[in-house]
>>> print(open('upload.cif').read())   # mmCIF, C-alpha atoms
data_work
loop_
_atom_site.label_atom_id
_atom_site.label_comp_id
_atom_site.auth_asym_id
_atom_site.auth_seq_id
_atom_site.Cartn_x
_atom_site.Cartn_y
_atom_site.Cartn_z
CA HIS A 849 61.34 -144.14 -105.67
CA LEU A 850 62.09 -147.85 -105.30
CA GLY A 851 65.73 -147.15 -104.42
CA ALA A 852 64.65 -144.82 -101.61
CA MET A 853 62.11 -147.36 -100.37
CA SER A 854 64.81 -150.01 -100.31
CA ALA A 855 67.24 -147.67 -98.53
CA ILE A 856 64.83 -146.99 -95.66
CA ARG A 857 64.16 -150.71 -95.23
CA MET A 858 67.84 -151.64 -94.94
CA ASN A 859 69.81 -150.97 -91.75
CA GLY A 860 72.01 -147.93 -92.25
CA GLU A 861 72.24 -144.19 -92.03
CA LEU A 862 69.36 -143.50 -94.41
CA GLN A 863 67.02 -145.69 -92.36
CA ASP A 864 68.17 -143.91 -89.20
CA TYR A 865 67.60 -140.55 -90.89
CA TYR A 866 64.11 -141.58 -92.04
CA ARG A 867 63.06 -142.86 -88.60
CA ARG A 868 64.47 -139.81 -86.82
CA LYS A 869 62.63 -137.35 -89.07
CA VAL A 870 59.32 -139.27 -88.87
CA ALA A 871 59.68 -139.36 -85.07
CA GLU A 872 60.09 -135.57 -85.15
CA GLY A 873 56.65 -135.39 -86.74
CA LYS A 874 57.62 -134.87 -90.37
CA ASN A 875 55.34 -136.21 -93.09
CA LYS A 876 56.54 -139.63 -94.30
CA MET A 877 56.38 -138.66 -97.97
CA LEU A 878 58.36 -135.47 -97.29
CA VAL A 879 61.09 -137.49 -95.60
CA LEU A 880 61.06 -140.06 -98.40
CA ASN A 881 61.62 -137.23 -100.89
CA ALA A 882 64.59 -136.08 -98.80
CA VAL A 883 66.01 -139.62 -98.90
CA ARG A 884 65.56 -139.65 -102.70
CA ASN A 885 67.43 -136.36 -102.90
CA LYS A 886 70.28 -137.72 -100.77
CA LEU A 887 70.58 -140.78 -103.03
CA ILE A 888 70.62 -138.64 -106.17
CA HIS A 889 73.34 -136.39 -104.74
CA ARG A 890 75.45 -139.40 -103.82
CA VAL A 891 75.09 -140.96 -107.27
CA CYS A 892 75.92 -137.68 -109.03
CA SER A 893 78.96 -137.20 -106.81
CA VAL A 894 80.28 -140.69 -107.55
CA VAL A 895 79.82 -140.18 -111.28
CA HIS A 896 81.43 -136.73 -111.18
CA ARG A 897 84.47 -137.88 -109.16
CA GLN A 898 84.70 -141.19 -111.08
CA GLN A 899 85.42 -143.05 -107.84
CA LYS A 900 83.66 -145.69 -105.80
CA TYR A 901 81.33 -144.54 -103.03
CA ASP A 902 83.10 -144.06 -99.70
CA LYS A 903 80.67 -143.66 -96.81
CA ASN A 904 83.51 -142.33 -94.61
CA TYR A 905 84.49 -139.61 -97.12
CA VAL A 906 85.45 -136.26 -95.56
CA SER A 907 85.62 -133.19 -97.75
CA LEU A 908 88.94 -131.36 -97.66
CA LEU A 909 87.04 -128.07 -97.90
CA ALA A 910 85.26 -128.56 -94.57
#
>>> encode(input="upload.cif", output="structure tokens")
Amino acid sequence: HLGAMSAIRMNGELQDYYRRKVAEGKNKMLVLNAVRNKLIHRVCSVVHRQQKYDKNYVSLLA
């Protein structure tokens, strides 16, 4: 929870995502849960790939 709160306070894509969804009329707690989910997926991906986080990563499958 605290990681997601910190992420939406810092300038970046998660803050932009949070503000955009709240502006669309979504419930703030619902959007915060989505931010939590995004953080968890990123952490799990980094651990699984055993590499540092690369915010410009593009999947070869896409």
>>> axis_aligned_box(input="upload.cif", around="stretch 867-883 of chain A", padding_each_side="3 Å", output="lines of an AutoDock Vina configuration file")
center_x = 60.7
center_y = -138.9
center_z = -93.0
size_x = 16.7
size_y = 14.0
size_z = 21.8
>>> residues_around(input="upload.cif", residues="stretch 896-908 of chain A", least_positions_apart="4", cutoff="12 Å", atoms="all atoms listed in the file", output="CSV table (one decimal) with C-alpha atoms, in the frame of the given file")
chain,number,residue,atom,x,y,z
A,860,GLY,CA,72.0,-147.9,-92.2
A,861,GLU,CA,72.2,-144.2,-92.0
A,862,LEU,CA,69.4,-143.5,-94.4
A,887,LEU,CA,70.6,-140.8,-103.0
A,889,HIS,CA,73.3,-136.4,-104.7
A,890,ARG,CA,75.4,-139.4,-103.8
A,891,VAL,CA,75.1,-141.0,-107.3
A,892,CYS,CA,75.9,-137.7,-109.0
>>> closest_residue(input="upload.cif", among="A:Asn875, A:Val870, A:Tyr865, A:Ala882", to="A:His849", atoms="all atoms listed in the file")
A:Ala882
>>> atom_distance(input="upload.cif", atom1="atom CA of A:Asn859", atom2="atom CA of A:Val883")
13.9 Å
>>> atom_distance(input="upload.cif", atom1="atom CA of A:Ala855", atom2="atom CA of A:Lys876")
14.0 Å
>>> atom_distance(input="upload.cif", atom1="atom CA of A:Ile856", atom2="atom CA of A:Gly873")
16.8 Å
>>> closest_residue(input="upload.cif", among="A:Val895, A:Leu909, A:Met858, A:Leu850", to="A:Leu880", atoms="all atoms listed in the file")
A:Leu850
>>> closest_residue(input="upload.cif", among="A:Val879, A:Arg884, A:Ser893, A:Ala871", to="A:Ala852", atoms="only C-alpha atoms")
A:Arg884
